[in-house]
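Here is protein-v4.pdb, consisting of PDB, C-alpha atoms, pLDDT in the B column:
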```pdb
MODEL        1
ATOM      1  CA  MET Q   1       2.130 194.736  28.337  1.00 54.00           C
ATOM      2  CA  VAL Q   2      -0.586 192.721  30.121  1.00 66.00           C
ATOM      3  CA  ALA Q   3      -0.971 189.718  32.401  1.00 72.00           C
ATOM      4  CA  THR Q   4      -0.453 186.348  30.748  1.00 83.00           C
ATOM      5  CA  SER Q   5      -1.175 182.665  31.191  1.00 88.00           C
ATOM      6  CA  LEU Q   6       0.070 179.478  29.569  1.00 94.00           C
ATOM      7  CA  GLN Q   7      -2.186 177.590  27.171  1.00 95.00           C
ATOM      8  CA  LYS Q   8      -1.129 174.010  26.490  1.00 97.00           C
ATOM      9  CA  PHE Q   9      -1.458 172.328  23.091  1.00 97.00           C
ATOM     10  CA  GLU Q  10      -0.782 168.733  22.083  1.00 97.00           C
ATOM     11  CA  PHE Q  11      -0.564 167.579  18.477  1.00 95.00           C
ATOM     12  CA  GLY Q  12       0.405 163.924  18.307  1.00 90.00           C
ATOM     13  CA  ASN Q  13       3.707 163.686  20.161  1.00 91.00           C
ATOM     14  CA  ILE Q  14       4.239 167.464  19.998  1.00 95.00           C
ATOM     15  CA  ALA Q  15       3.487 169.333  23.232  1.00 96.00           C
ATOM     16  CA  LEU Q  16       3.740 173.117  23.395  1.00 97.00           C
ATOM     17  CA  GLN Q  17       2.982 175.877  25.858  1.00 97.00           C
ATOM     18  CA  LEU Q  18       1.740 179.141  24.414  1.00 97.00           C
ATOM     19  CA  VAL Q  19       1.929 182.435  26.263  1.00 96.00           C
ATOM     20  CA  VAL Q  20      -1.451 184.146  25.873  1.00 94.00           C
ATOM     21  CA  PRO Q  21      -2.601 187.506  27.236  1.00 90.00           C
ATOM     22  CA  ASN Q  22      -5.407 187.869  29.747  1.00 84.00           C
ATOM     23  CA  SER Q  23      -8.539 188.845  27.803  1.00 77.00           C
ATOM     24  CA  LEU Q  24      -9.720 191.433  30.328  1.00 78.00           C
ATOM     25  CA  ALA Q  25      -6.270 193.001  30.429  1.00 74.00           C
ATOM     26  CA  VAL Q  26      -6.204 193.134  26.627  1.00 74.00           C
ATOM     27  CA  LYS Q  27      -9.625 194.828  26.608  1.00 76.00           C
ATOM     28  CA  HIS Q  28      -8.407 197.437  29.091  1.00 76.00           C
ATOM     29  CA  TRP Q  29      -5.210 197.987  27.082  1.00 71.00           C
ATOM     30  CA  PHE Q  30      -7.191 198.419  23.853  1.00 74.00           C
ATOM     31  CA  GLU Q  31      -9.620 200.902  25.386  1.00 78.00           C
ATOM     32  CA  THR Q  32      -6.716 202.928  26.762  1.00 83.00           C
ATOM     33  CA  GLU Q  33      -4.852 202.906  23.441  1.00 80.00           C
ATOM     34  CA  LYS Q  34      -8.055 203.805  21.579  1.00 83.00           C
ATOM     35  CA  GLN Q  35      -8.439 206.953  23.652  1.00 85.00           C
ATOM     36  CA  GLN Q  36      -4.955 208.048  22.613  1.00 86.00           C
ATOM     37  CA  ASN Q  37      -5.210 206.913  18.989  1.00 87.00           C
ATOM     38  CA  GLU Q  38      -8.612 206.216  17.446  1.00 84.00           C
ATOM     39  CA  ASN Q  39      -6.922 204.233  14.647  1.00 83.00           C
ATOM     40  CA  THR Q  40      -5.588 201.606  17.047  1.00 78.00           C
ATOM     41  CA  PRO Q  41      -6.469 198.239  15.436  1.00 77.00           C
ATOM     42  CA  PHE Q  42      -8.651 195.841  17.399  1.00 76.00           C
ATOM     43  CA  PRO Q  43      -6.407 193.131  18.943  1.00 78.00           C
ATOM     44  CA  PHE Q  44      -7.698 190.115  17.018  1.00 80.00           C
ATOM     45  CA  TRP Q  45      -4.221 188.670  17.599  1.00 86.00           C
ATOM     46  CA  ALA Q  46      -4.828 188.234  21.337  1.00 87.00           C
ATOM     47  CA  LYS Q  47      -6.442 184.775  21.128  1.00 91.00           C
ATOM     48  CA  VAL Q  48      -5.743 181.487  19.375  1.00 95.00           C
ATOM     49  CA  TRP Q  49      -8.270 181.109  16.554  1.00 95.00           C
ATOM     50  CA  PRO Q  50      -9.544 177.764  15.202  1.00 96.00           C
ATOM     51  CA  SER Q  51      -7.679 178.288  11.916  1.00 97.00           C
ATOM     52  CA  ALA Q  52      -4.350 178.442  13.755  1.00 97.00           C
ATOM     53  CA  ILE Q  53      -5.124 175.181  15.557  1.00 97.00           C
ATOM     54  CA  ALA Q  54      -6.212 173.511  12.316  1.00 97.00           C
ATOM     55  CA  LEU Q  55      -3.054 174.637  10.519  1.00 98.00           C
ATOM     56  CA  SER Q  56      -0.917 173.377  13.400  1.00 98.00           C
ATOM     57  CA  LYS Q  57      -2.565 169.947  13.294  1.00 97.00           C
ATOM     58  CA  PHE Q  58      -2.065 169.809   9.541  1.00 98.00           C
ATOM     59  CA  LEU Q  59       1.652 170.588   9.849  1.00 98.00           C
ATOM     60  CA  VAL Q  60       2.128 167.717  12.306  1.00 97.00           C
ATOM     61  CA  THR Q  61       0.346 165.224  10.049  1.00 96.00           C
ATOM     62  CA  LYS Q  62       2.011 166.590   6.879  1.00 97.00           C
ATOM     63  CA  GLN Q  63       5.492 167.258   8.212  1.00 97.00           C
ATOM     64  CA  HIS Q  64       7.106 166.885   4.788  1.00 98.00           C
ATOM     65  CA  TYR Q  65       5.833 170.310   3.774  1.00 98.00           C
ATOM     66  CA  VAL Q  66       8.015 172.052   6.380  1.00 98.00           C
ATOM     67  CA  ALA Q  67      10.704 169.490   7.284  1.00 98.00           C
ATOM     68  CA  ASN Q  68      14.184 170.934   6.711  1.00 98.00           C
ATOM     69  CA  LYS Q  69      12.661 174.008   5.056  1.00 98.00           C
ATOM     70  CA  LYS Q  70      12.829 177.760   5.535  1.00 98.00           C
ATOM     71  CA  VAL Q  71       9.393 178.790   6.810  1.00 98.00           C
ATOM     72  CA  LEU Q  72       7.720 182.189   7.124  1.00 98.00           C
ATOM     73  CA  GLU Q  73       4.405 182.892   8.823  1.00 98.00           C
ATOM     74  CA  LEU Q  74       2.714 186.209   8.019  1.00 97.00           C
ATOM     75  CA  ALA Q  75       0.064 187.821  10.241  1.00 95.00           C
ATOM     76  CA  SER Q  76       0.970 185.261  12.877  1.00 97.00           C
ATOM     77  CA  GLY Q  77      -0.784 186.659  15.925  1.00 95.00           C
ATOM     78  CA  LEU Q  78       0.333 184.493  18.851  1.00 97.00           C
ATOM     79  CA  GLY Q  79       2.257 182.265  16.456  1.00 98.00           C
ATOM     80  CA  LEU Q  80       1.066 178.746  17.236  1.00 98.00           C
ATOM     81  CA  PRO Q  81       1.678 177.412  13.678  1.00 98.00           C
ATOM     82  CA  SER Q  82       5.181 178.913  13.726  1.00 98.00           C
ATOM     83  CA  LEU Q  83       6.008 177.127  16.968  1.00 98.00           C
ATOM     84  CA  VAL Q  84       4.747 173.845  15.520  1.00 98.00           C
ATOM     85  CA  ALA Q  85       6.651 174.333  12.266  1.00 98.00           C
ATOM     86  CA  ALA Q  86       9.821 174.938  14.270  1.00 98.00           C
ATOM     87  CA  GLN Q  87       9.674 171.317  15.423  1.00 98.00           C
ATOM     88  CA  PHE Q  88      10.536 170.222  11.866  1.00 98.00           C
ATOM     89  CA  ALA Q  89      11.833 173.191   9.853  1.00 98.00           C
ATOM     90  CA  THR Q  90      15.396 174.406   9.503  1.00 98.00           C
ATOM     91  CA  THR Q  91      14.410 178.000  10.294  1.00 98.00           C
ATOM     92  CA  VAL Q  92      11.113 179.761  11.018  1.00 98.00           C
ATOM     93  CA  THR Q  93      10.339 183.467  10.921  1.00 98.00           C
ATOM     94  CA  CYS Q  94       7.199 184.380  12.822  1.00 98.00           C
ATOM     95  CA  SER Q  95       5.937 187.781  11.699  1.00 98.00           C
ATOM     96  CA  ASP Q  96       3.138 190.242  12.207  1.00 96.00           C
ATOM     97  CA  TYR Q  97       2.697 193.906  11.340  1.00 93.00           C
ATOM     98  CA  LEU Q  98       2.245 194.692  15.045  1.00 91.00           C
ATOM     99  CA  ILE Q  99       4.889 194.422  17.753  1.00 93.00           C
ATOM    100  CA  GLU Q 100       2.434 193.455  20.521  1.00 91.00           C
ATOM    101  CA  PRO Q 101       1.707 189.838  19.495  1.00 94.00           C
ATOM    102  CA  LEU Q 102       5.373 189.181  18.755  1.00 96.00           C
ATOM    103  CA  GLN Q 103       6.255 190.076  22.338  1.00 95.00           C
ATOM    104  CA  PHE Q 104       4.151 187.116  23.455  1.00 95.00           C
ATOM    105  CA  VAL Q 105       5.573 184.862  20.729  1.00 97.00           C
ATOM    106  CA  GLU Q 106       9.097 185.612  21.947  1.00 97.00           C
ATOM    107  CA  GLN Q 107       8.077 184.465  25.428  1.00 96.00           C
ATOM    108  CA  SER Q 108       6.594 181.264  23.968  1.00 97.00           C
ATOM    109  CA  ILE Q 109       9.803 180.610  22.032  1.00 98.00           C
ATOM    110  CA  SER Q 110      11.817 180.890  25.232  1.00 97.00           C
ATOM    111  CA  ILE Q 111       9.472 178.708  27.306  1.00 97.00           C
ATOM    112  CA  ASN Q 112       9.534 175.960  24.663  1.00 98.00           C
ATOM    113  CA  ASN Q 113      13.337 176.143  24.318  1.00 97.00           C
ATOM    114  CA  LEU Q 114      13.260 176.737  20.569  1.00 97.00           C
ATOM    115  CA  PHE Q 115      16.381 178.068  18.864  1.00 97.00           C
ATOM    116  CA  ASN Q 116      15.525 177.959  15.148  1.00 98.00           C
ATOM    117  CA  ILE Q 117      12.759 180.579  15.196  1.00 98.00           C
ATOM    118  CA  ASP Q 118      12.853 184.359  15.248  1.00 97.00           C
ATOM    119  CA  CYS Q 119      10.282 187.155  15.221  1.00 98.00           C
ATOM    120  CA  LYS Q 120      10.095 190.000  12.745  1.00 97.00           C
ATOM    121  CA  ILE Q 121       7.714 192.863  11.991  1.00 96.00           C
ATOM    122  CA  ILE Q 122       6.478 192.388   8.407  1.00 96.00           C
ATOM    123  CA  ASN Q 123       3.461 194.017   6.799  1.00 93.00           C
ATOM    124  CA  TRP Q 124       2.259 191.911   3.875  1.00 89.00           C
ATOM    125  CA  ASN Q 125       0.838 195.058   2.290  1.00 86.00           C
ATOM    126  CA  ASN Q 126       4.384 196.376   1.963  1.00 86.00           C
ATOM    127  CA  LEU Q 127       6.563 193.368   1.181  1.00 89.00           C
ATOM    128  CA  SER Q 128      10.034 193.520  -0.248  1.00 84.00           C
ATOM    129  CA  PRO Q 129      10.049 191.960  -3.739  1.00 80.00           C
ATOM    130  CA  ASN Q 130      13.161 190.067  -2.697  1.00 83.00           C
ATOM    131  CA  ILE Q 131      11.595 188.208   0.224  1.00 90.00           C
ATOM    132  CA  VAL Q 132      12.004 184.471  -0.324  1.00 92.00           C
ATOM    133  CA  THR Q 133      10.910 181.459   1.696  1.00 98.00           C
ATOM    134  CA  ASP Q 134      10.404 177.764   1.003  1.00 98.00           C
ATOM    135  CA  VAL Q 135       7.054 177.695   2.794  1.00 98.00           C
ATOM    136  CA  LEU Q 136       4.608 180.477   3.633  1.00 98.00           C
ATOM    137  CA  LEU Q 137       2.054 179.909   6.413  1.00 98.00           C
ATOM    138  CA  LEU Q 138      -1.161 181.931   6.575  1.00 98.00           C
ATOM    139  CA  SER Q 139      -3.930 181.479   9.120  1.00 97.00           C
ATOM    140  CA  ASP Q 140      -7.331 183.230   8.912  1.00 94.00           C
ATOM    141  CA  ILE Q 141      -6.086 186.249   6.969  1.00 91.00           C
ATOM    142  CA  ASN Q 142      -8.872 186.454   4.345  1.00 88.00           C
ATOM    143  CA  TYR Q 143     -11.613 187.993   6.487  1.00 83.00           C
ATOM    144  CA  ASN Q 144     -11.790 191.511   4.998  1.00 85.00           C
ATOM    145  CA  PRO Q 145     -12.996 191.725   1.373  1.00 82.00           C
ATOM    146  CA  SER Q 146     -11.326 195.125   0.949  1.00 85.00           C
ATOM    147  CA  THR Q 147      -7.922 193.410   1.273  1.00 86.00           C
ATOM    148  CA  PHE Q 148      -8.583 190.464  -1.076  1.00 89.00           C
ATOM    149  CA  ASP Q 149      -6.934 192.044  -4.128  1.00 90.00           C
ATOM    150  CA  SER Q 150      -3.723 192.933  -2.302  1.00 90.00           C
ATOM    151  CA  LEU Q 151      -3.755 189.548  -0.559  1.00 93.00           C
ATOM    152  CA  PHE Q 152      -4.086 187.731  -3.883  1.00 93.00           C
ATOM    153  CA  ASN Q 153      -1.212 189.778  -5.328  1.00 92.00           C
ATOM    154  CA  MET Q 154       0.920 188.885  -2.317  1.00 94.00           C
ATOM    155  CA  LEU Q 155       0.195 185.181  -2.797  1.00 95.00           C
ATOM    156  CA  GLU Q 156       1.080 185.469  -6.483  1.00 94.00           C
ATOM    157  CA  GLN Q 157       4.418 187.046  -5.559  1.00 93.00           C
ATOM    158  CA  PHE Q 158       5.371 184.148  -3.290  1.00 96.00           C
ATOM    159  CA  LEU Q 159       4.185 181.539  -5.791  1.00 96.00           C
ATOM    160  CA  LYS Q 160       6.286 183.146  -8.538  1.00 94.00           C
ATOM    161  CA  ASN Q 161       9.288 182.974  -6.210  1.00 93.00           C
ATOM    162  CA  GLY Q 162       8.745 179.220  -5.809  1.00 95.00           C
ATOM    163  CA  SER Q 163       7.197 179.158  -2.338  1.00 97.00           C
ATOM    164  CA  THR Q 164       4.696 176.567  -1.171  1.00 98.00           C
ATOM    165  CA  ILE Q 165       1.804 178.313   0.572  1.00 98.00           C
ATOM    166  CA  ILE Q 166      -0.297 176.647   3.255  1.00 98.00           C
ATOM    167  CA  LEU Q 167      -3.410 178.654   4.077  1.00 98.00           C
ATOM    168  CA  SER Q 168      -6.089 177.831   6.632  1.00 97.00           C
ATOM    169  CA  THR Q 169      -9.408 179.648   6.666  1.00 95.00           C
ATOM    170  CA  PRO Q 170     -12.952 179.321   8.000  1.00 94.00           C
ATOM    171  CA  GLN Q 171     -15.506 178.748   5.264  1.00 89.00           C
ATOM    172  CA  ARG Q 172     -16.869 182.274   5.064  1.00 87.00           C
ATOM    173  CA  ILE Q 173     -19.399 183.046   2.338  1.00 83.00           C
ATOM    174  CA  MET Q 174     -17.882 186.487   1.758  1.00 82.00           C
ATOM    175  CA  ALA Q 175     -14.506 184.877   1.024  1.00 85.00           C
ATOM    176  CA  LYS Q 176     -15.863 182.451  -1.581  1.00 89.00           C
ATOM    177  CA  GLU Q 177     -14.718 184.546  -4.550  1.00 89.00           C
ATOM    178  CA  PHE Q 178     -11.221 184.868  -3.102  1.00 89.00           C
ATOM    179  CA  ILE Q 179     -10.931 181.115  -2.509  1.00 92.00           C
ATOM    180  CA  GLU Q 180     -12.155 180.385  -6.031  1.00 92.00           C
ATOM    181  CA  ALA Q 181      -9.439 182.704  -7.387  1.00 93.00           C
ATOM    182  CA  ILE Q 182      -6.631 180.762  -5.697  1.00 95.00           C
ATOM    183  CA  LEU Q 183      -7.994 177.255  -6.323  1.00 95.00           C
ATOM    184  CA  PRO Q 184      -6.082 176.860  -9.635  1.00 96.00           C
ATOM    185  CA  HIS Q 185      -2.900 176.847  -7.526  1.00 97.00           C
ATOM    186  CA  CYS Q 186      -4.242 174.300  -5.033  1.00 97.00           C
ATOM    187  CA  VAL Q 187      -2.487 170.915  -4.940  1.00 98.00           C
ATOM    188  CA  GLU Q 188      -4.070 169.658  -1.718  1.00 98.00           C
ATOM    189  CA  GLN Q 189      -7.187 170.617   0.209  1.00 97.00           C
ATOM    190  CA  LYS Q 190      -8.538 169.385   3.525  1.00 96.00           C
ATOM    191  CA  GLU Q 191     -11.432 170.285   5.815  1.00 96.00           C
ATOM    192  CA  VAL Q 192     -11.034 170.103   9.590  1.00 94.00           C
ATOM    193  CA  GLU Q 193     -13.534 170.849  12.350  1.00 95.00           C
ATOM    194  CA  ILE Q 194     -12.161 172.851  15.290  1.00 95.00           C
ATOM    195  CA  ASP Q 195     -14.493 174.007  18.073  1.00 92.00           C
ATOM    196  CA  ALA Q 196     -17.534 173.466  15.811  1.00 94.00           C
ATOM    197  CA  VAL Q 197     -15.960 175.615  13.065  1.00 93.00           C
ATOM    198  CA  ILE Q 198     -15.185 174.044   9.682  1.00 95.00           C
ATOM    199  CA  ILE Q 199     -11.714 175.087   8.543  1.00 96.00           C
ATOM    200  CA  SER Q 200     -10.397 174.661   5.009  1.00 96.00           C
ATOM    201  CA  ILE Q 201      -6.674 174.063   4.572  1.00 97.00           C
ATOM    202  CA  LEU Q 202      -5.262 174.681   1.120  1.00 98.00           C
ATOM    203  CA  VAL Q 203      -1.760 173.941  -0.113  1.00 98.00           C
ATOM    204  CA  LEU Q 204      -0.826 176.197  -3.023  1.00 98.00           C
ATOM    205  CA  LYS Q 205       2.029 175.796  -5.468  1.00 96.00           C
TER
ENDMDL
END
```
As a first step, turn the structure in this file into structure tokens.
Amino acid sequence: MVATSLQKFEFGNIALQLVVPNSLAVKHWFETEKQQNENTPFPFWAKVWPSAIALSKFLVTKQHYVANKKVLELASGLGLPSLVAAQFATTVTCSDYLIEPLQFVEQSISINNLFNIDCKIINWNNLSPNIVTDVLLLSDINYNPSTFDSLFNMLEQFLKNGSTIILSTPQRIMAKEFIEAILPHCVEQKEVEIDAVIISILVLK
């Protein structure tokens, strides 16, 4: 779709290369798509956000949550946490509701020689009731208050099916009510600073 570069990440003894799109090329692509379809969503997926880095660091230091497990990441964007989880998990499904970010994730999977991870289009607003995973990864998904009810219902569905959920989020004031609603399920919480942004990581069961 657009020009790319490799962004290197190191977490302990884990070294990964992530394929990321050129920001100017993404801007041009978005403006072109917007002219054809005014409902084209803004490509928030086209960069690695602090929450994804924080979640990745957490997975390396708390490997037991994903080791030998079936892992699913929803709304993955460029999929950094999925690539990290694949170092320890049995299988990883990296998903987004858009095809564009997954095209870059597939390149990253190939470059890092990973064979236990696949990509799939999944919209968490329209989940199959039969979807099951040992661990669900979510990074910076609670940024739009209009989606909080459906997001909470989605989390409840996975918790009822026995999944462990690991969610990373910036400490946004507008998301306070949502975080308070899920805290009864929280078994571990940690704050991490990434690029001067305080990220909360919550493990839900």
* Hey, what comes out of the PyMOL selection byres ((chain Q and resi 38-44) around 12) on this file? Could you write it as a PyMOL selection string? -> chain Q and resi 21+23-37+45-49+75-78+96-101+140-141+143
* Using CA of Ile14 (chain Q) and CA of Val187 (chain Q) as the two end points, give the distance in Å to one decimal. =>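 Interatomic distance here is 26.1 Å.
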* To one decimal place, how far is CA of Gln157 (chain Q) from CA of Ser139 (chain Q) in Å? -> 17.8 Å
* To do: Pick out the residues sitting within 9 Å of Leu138 (chain Q), and hand them over as a list in words; count only C-alpha atoms, and ignore anything fewer than 3 positions along from it in its own chain.
  =>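 Contacts, in chain order: Ala52, Leu55, Leu72, Glu73, Leu74, Ala75, Ser76, Pro81, Ile141, Ile165, Ile166, Leu167, Ser168 and Thr169 of chain Q.
For the structure shown here, the set of residues caught by the PyMOL selection byres ((chain Q and resi 130) around 12) is Asn126, Leu127, Ser128, Pro129, Ile131, Val132, Thr133, Gln157, Phe158, Lys160 and Asn161 of chain Q.
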* To do: Determine the residue membership of the PyMOL selection byres ((chain Q and resi 10) around 12) for the file above and supply it as an MDAnalysis selection string.
  => chainID Q and resid 7:9 11:18 53 56:57 60 80 83:84
* Structure fact -> Closest of Q:Thr61, Q:Ser95, Q:Ser146, Q:Ser163 to Trp124 (chain Q), counting only C-alpha atoms, is Q:Ser95
* Would you work out the distance separating CA of Leu136 (chain Q) from CA of Lys176 (chain Q), expressed in Å to one decimal? => 21.2 Å
* Name all residues at most 6 Å from Thr90 (chain Q) (count all atoms listed in the file; drop same-chain ones fewer than 4 positions away) and give them as a list in words. =>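 Contacts, with the query itself left out: Asn68, Lys69 and Lys70 of chain Q.
Taking only C-alpha atoms into account, the protein, DNA and RNA residues within 12 Å of (-16.0, 170.8, 4.0) read Q:Thr169, Q:Pro170, Q:Gln171, Q:Arg172, Q:Gln189, Q:Lys190, Q:Glu191, Q:Val192, Q:Glu193, Q:Val197, Q:Ile198, Q:Ile199, Q:Ser200, Q:Ile201, Q:Leu202.
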* Among the residues Q:Ile111, Q:Val19, Q:Ala181, Q:Ile194, the one that comes closest to Ser5 (chain Q) [using all atoms listed in the file] ->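 Between Q:Ile111, Q:Val19, Q:Ala181, Q:Ile194, the residue approaching Ser5 (chain Q) most closely is Q:Val19.
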* Between Q:Leu114, Q:Val71, Q:Leu59, Q:Ile179, which one has atoms that come closest to Asn142 (chain Q), using only C-alpha atoms? ->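 Smallest distance to Asn142 (chain Q) is found for Q:Ile179.
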* Closest to Asn123 (chain Q) among Q:Ser150, Q:Ser110, Q:Thr4, Q:Gln103, using only C-alpha atoms? ->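 Once distances to Asn123 (chain Q) are computed over only C-alpha atoms, the minimum belongs to Q:Ser150.
Nearest residue to Asn144 (chain Q) among Q:Met174, Q:Ala67, Q:Ile121, Q:Leu159 is Q:Met174, counting all atoms listed in the file.
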Complete region 62-77 of chain Q at the level of N, CA, C and O atoms, written as a tab-separated table (two decimals), in the frame of the given file.
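Listing of rebuild_8.tsv after writing:
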```tsv
chain	number	residue	atom	x	y	z
Q	62	LYS	N	1.39	166.43	8.20
Q	62	LYS	CA	2.01	166.59	6.88
Q	62	LYS	C	3.37	167.27	7.04
Q	62	LYS	O	3.66	168.30	6.43
Q	63	GLN	N	4.21	166.65	7.85
Q	63	GLN	CA	5.49	167.26	8.21
Q	63	GLN	C	6.38	167.52	7.00
Q	63	GLN	O	7.23	168.43	7.03
Q	64	HIS	N	6.21	166.75	5.94
Q	64	HIS	CA	7.11	166.88	4.79
Q	64	HIS	C	7.04	168.26	4.16
Q	64	HIS	O	7.98	168.68	3.48
Q	65	TYR	N	5.94	168.98	4.36
Q	65	TYR	CA	5.83	170.31	3.77
Q	65	TYR	C	6.81	171.30	4.41
Q	65	TYR	O	7.22	172.27	3.76
Q	66	VAL	N	7.14	171.09	5.69
Q	66	VAL	CA	8.02	172.05	6.38
Q	66	VAL	C	9.34	171.46	6.84
Q	66	VAL	O	10.24	172.20	7.25
Q	67	ALA	N	9.48	170.13	6.79
Q	67	ALA	CA	10.70	169.49	7.28
Q	67	ALA	C	11.92	169.99	6.52
Q	67	ALA	O	11.94	169.99	5.28
Q	68	ASN	N	12.92	170.45	7.28
Q	68	ASN	CA	14.18	170.93	6.71
Q	68	ASN	C	13.99	172.09	5.73
Q	68	ASN	O	14.79	172.25	4.79
Q	69	LYS	N	12.96	172.89	5.94
Q	69	LYS	CA	12.66	174.01	5.06
Q	69	LYS	C	12.80	175.34	5.81
Q	69	LYS	O	12.81	175.39	7.04
Q	70	LYS	N	12.89	176.40	5.01
Q	70	LYS	CA	12.83	177.76	5.54
Q	70	LYS	C	11.37	178.18	5.51
Q	70	LYS	O	10.73	178.18	4.46
Q	71	VAL	N	10.83	178.53	6.67
Q	71	VAL	CA	9.39	178.79	6.81
Q	71	VAL	C	9.16	180.23	7.29
Q	71	VAL	O	9.88	180.73	8.15
Q	72	LEU	N	8.14	180.85	6.71
Q	72	LEU	CA	7.72	182.19	7.12
Q	72	LEU	C	6.23	182.16	7.40
Q	72	LEU	O	5.45	181.65	6.59
Q	73	GLU	N	5.83	182.69	8.55
Q	73	GLU	CA	4.40	182.89	8.82
Q	73	GLU	C	4.13	184.38	8.83
Q	73	GLU	O	4.79	185.14	9.56
Q	74	LEU	N	3.16	184.82	8.03
Q	74	LEU	CA	2.71	186.21	8.02
Q	74	LEU	C	1.43	186.34	8.85
Q	74	LEU	O	0.64	185.41	8.93
Q	75	ALA	N	1.26	187.54	9.43
Q	75	ALA	CA	0.06	187.82	10.24
Q	75	ALA	C	-0.13	186.73	11.28
Q	75	ALA	O	-1.20	186.17	11.44
Q	76	SER	N	0.92	186.45	12.02
Q	76	SER	CA	0.97	185.26	12.88
Q	76	SER	C	0.14	185.36	14.14
Q	76	SER	O	-0.22	184.34	14.72
Q	77	GLY	N	-0.15	186.57	14.62
Q	77	GLY	CA	-0.78	186.66	15.92
Q	77	GLY	C	0.11	186.04	16.98
Q	77	GLY	O	1.30	186.35	17.06
```
